[in-house]
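K.L.:
Have a look at the structure that comes next, please.
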Amino acid sequence: MLRNITLLIMLVMIISGCGENAMESKFRTFVAEHVAKLEPLMKQWNLSYWQASLTGKKEDFDKAAEFELKIRTIYSDTDDFAFLKQLKESDQIQNALLKRHLELLYNAYLSNQIEPDLLKQIVEKSNAVQNKFNTFRGKIGDQELTENEIKEILKKETDSSKRRDAWLASKQVGKAVVDDLIELVKLRNQAAQKLGFENFYIMSLSLSEQNLEDITKIFDELANLTEEPFTALKAELDSILANKYGIGVAGIMPWHYHDPFFQAGPLVYEVNLDRYFKDQDIKELAQKFYAGIDLPVDDILMRSDLYEKKGKNPHAYCINIDRLQDVRILANIHNDERWMETMLHELGHAVYDKNIDVSLPFLFREPAHSFTTEAIAMFFGRLSRNANWLQAMLALNDEEKDEIDDAVQNSLRLGQLVFARWSQVMFRFEQELYKNPDQNLNTLWWDLVEKYQLIKRPKGRTEPDWAAKIHFTLAPVYYHNYMLGELLASQLHAYIFKRILKLDSDNSLSYVNEKIVGNYLKNRVFSVGTKFPWNEMIKRATGEYLSPEYFVDQFVRQ
Ligand SMILES: [Zn+2]
């Protein structure tokens with residue numbers, strides 16, 4: 001009798017769809033086997049990469065590359081991909097958890113389905129362009145210059161013709177790489193088209209769960225909201241620079257800014273905060289701050305490698321070794337403002353990784369998107385230039401605080417506005433580059449630069465100046481994410497001070513010892529990992545989808 005009732009219940013469950021269908025069971029097994037292979041390899045890859053960046057030894061890098069290849073081999077399996085494709089098309093995976101697994105796995109496999117021959121050509125072409133970037137030196141006359149030497153001239157030189165020469169030297173690499181780069185773009189497009197996409201740009205967006213329409217809407221809105229304030233600020237800036245160089249405003253050219261692409265604000269409002277950090281311990285400050293907001297980092301710092309040594313990677317990064325809270329950062333701390341910013345930034349990535357719920361399935365234990373973890377890193381990194389934070393952390397008196405407040409505000413505003421306009425150029429140019437690599441790209445580039453950055457094209461200039469930007473080669477279809485990260489950092493900031501801390505303004509907000517802030521981020525942003533697509537996560541955390549409105553409130557409106 002009992003047995004019959006059980007059978008009956010099972011039958012009802014199957015008919016009413018409560019149980020799992022055959023495809024779902026099959027897929028559940030697939031996921032379990034996949035993770036069983038992947039998890040140990042990921043850990044070994046991360047450990048060997050970590051080791052290599054500490055020693056700088058070739059054999060260590062080779063070992064890391066071996067593990068990377070093993071992981072790639074898993075994802076390039078054509079039978080497995082065919083299975084996932086069939087599942088996707090069958091629409092039989094209804095269980096929400098399995099459905100999300102299928103989305104993530106399908107994208108991860110799809111990006112590794114490029115035919116081996118074509119992939120080899122892409123890798124070789126990309127390496128060839130990178131090598132040219134590494135070895136190329138711009139010249140003034142017969143004299144070769146390093147990138148740093150060019151930047152120094154653009155920072156300090158007041159003679160316009162010397163500035164012009166340095167700027168021209170910074171663009172020469174564009175001409176050296178452009179033919180290979182366009183071939184690389186075409187190869188990437190070929191790969192994307194074989195996988196059923198219009199071009200590589202559209203494919204790359206799609207594989208990271210973005211689409212052109214949504215992103216364009218955000219960028220259009222940002223362009224509208226920043227146009228007037230940027231025009232005013234740019235005029236102010238030009239008159240300061242014209243004055244400095246002893247020329248008329250009408251004579252201001254691309255080489256009069258402090259950055260070859262005008263992607264960062266000129267140093268006109270620059271305030272040097274290094275003196276406040278000179279006698280401080282950057283590591284301790286960061287540790288104390290994060291403990292105060294209930295996101296302790298002691299365990300992270302214990303496993304991290306924080307100071308310079310021979311052979312070690314000179315930059316900074318964060319790595320999640322095992323998705324089980326072994327999170328580490330690599331840094332090369334000096335007691336100055338830049339490293340304060342960097343430590344806050346990298347530890348922002350680290351607290352995100354560390355606080356992803358470990359009871360989630362392995363494949364969900366990652367940030368929602370690369371730009372969402374970037375947003376958290378920026379959110380915290382911005383504090384090294386926040387006068388309230390500086391006052392609270394360094395016990396500055398009111399006078400000292402007021403002294404830095406205006407200057408810091410101005411320099412942040414300038415930097416953010418300049419970057420917001422520059423990112424428009426990168427976003428719009430790169431999609432056109434893949435849409436039609438045979439169009440007149442040199443003209444297109446300067447059209448966009450004139451429109452969004454309000455920089456005058458040198459008369460008759462038709463060189464491939466765009467190709468001098470290494471990101472088109474090294475990190476394709478990624479640049480827009482830097483801007484999205486800034487937007488999300490501001491959206492979270494606005495939500496936190498208005499809704500979580502219930503403040504009327506952020507004028508006196510320091511974030512220091514605000515435990516409620518750390519807990520909000522932990523519970524609403526970090527813990528869910530990739531359980532939801534990024535915009536769904538943002539809506540759950542802030543009540544709305546990603547919007548440029550709050551970035552504009554924070555940095556543009558006065
Ligand atoms: Zn970062």
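In the structure tokens, chains take letters A, B, ... by order of appearance, with residues numbered from 1 within each chain and ligands from 1 in the order shown.
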Which polymer residues have any atom within 12 Å of an atom of range 393-396 of chain A, counting only C-alpha atoms, with same-chain residues fewer than 2 positions away left out, as a ChimeraX atom specification?
P.N.:
/A:273,275-282,284-290,292,340,383-391,398-405,510-513
K.L.:
What residues have any atom no more than 9 Å from ligand 1 when counting only C-alpha atoms and all ligand atoms, and can you list them as a PyMOL selection string?
P.N.:
chain A and resi 316-318+342+345-346+348-349+370-371+373-378
K.L.:
What does the structure give for the distance between CA of Asn189 in chain A and CA of Phe261 in chain A, in Å to one decimal?
P.N.:
26.5 Å
K.L.:
Of the candidates A:Leu205, A:Ile321, A:Ala22, A:Leu87, which shows the shortest atom-to-atom distance to Gln44 in chain A, using only C-alpha atoms?
P.N.:
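For Gln44 in chain A, the nearest of the candidates is A:Ile321.
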K.L.:
May I have a table of the residues of range 293-404 of chain A lying at most 12 Å from range 104-118 of chain A, giving each one's closest pair of atoms and their distance in Å to one decimal, counting only C-alpha atoms, ordered by chain and ascending residue number, as JSON lines?
P.N.:
```
{"residue": "A:Phe362", "atom": "CA", "partner": "A:Leu104", "partner_atom": "CA", "distance": 11.6}
{"residue": "A:Leu363", "atom": "CA", "partner": "A:Leu104", "partner_atom": "CA", "distance": 7.8}
{"residue": "A:Phe364", "atom": "CA", "partner": "A:Leu104", "partner_atom": "CA", "distance": 8.7}
{"residue": "A:Arg365", "atom": "CA", "partner": "A:Leu104", "partner_atom": "CA", "distance": 11.7}
{"residue": "A:Glu366", "atom": "CA", "partner": "A:Leu104", "partner_atom": "CA", "distance": 11.2}
{"residue": "A:Ala368", "atom": "CA", "partner": "A:Leu104", "partner_atom": "CA", "distance": 11.0}
{"residue": "A:His369", "atom": "CA", "partner": "A:Leu104", "partner_atom": "CA", "distance": 11.5}
```
K.L.:
Of the residues A:Asn355, A:Ser53, A:Gln130, A:Lys120, which is the one nearest to Ala475 in chain A, using only C-alpha atoms?
P.N.:
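Ranking A:Asn355, A:Ser53, A:Gln130, A:Lys120 by distance to Ala475 in chain A, first place goes to A:Gln130.
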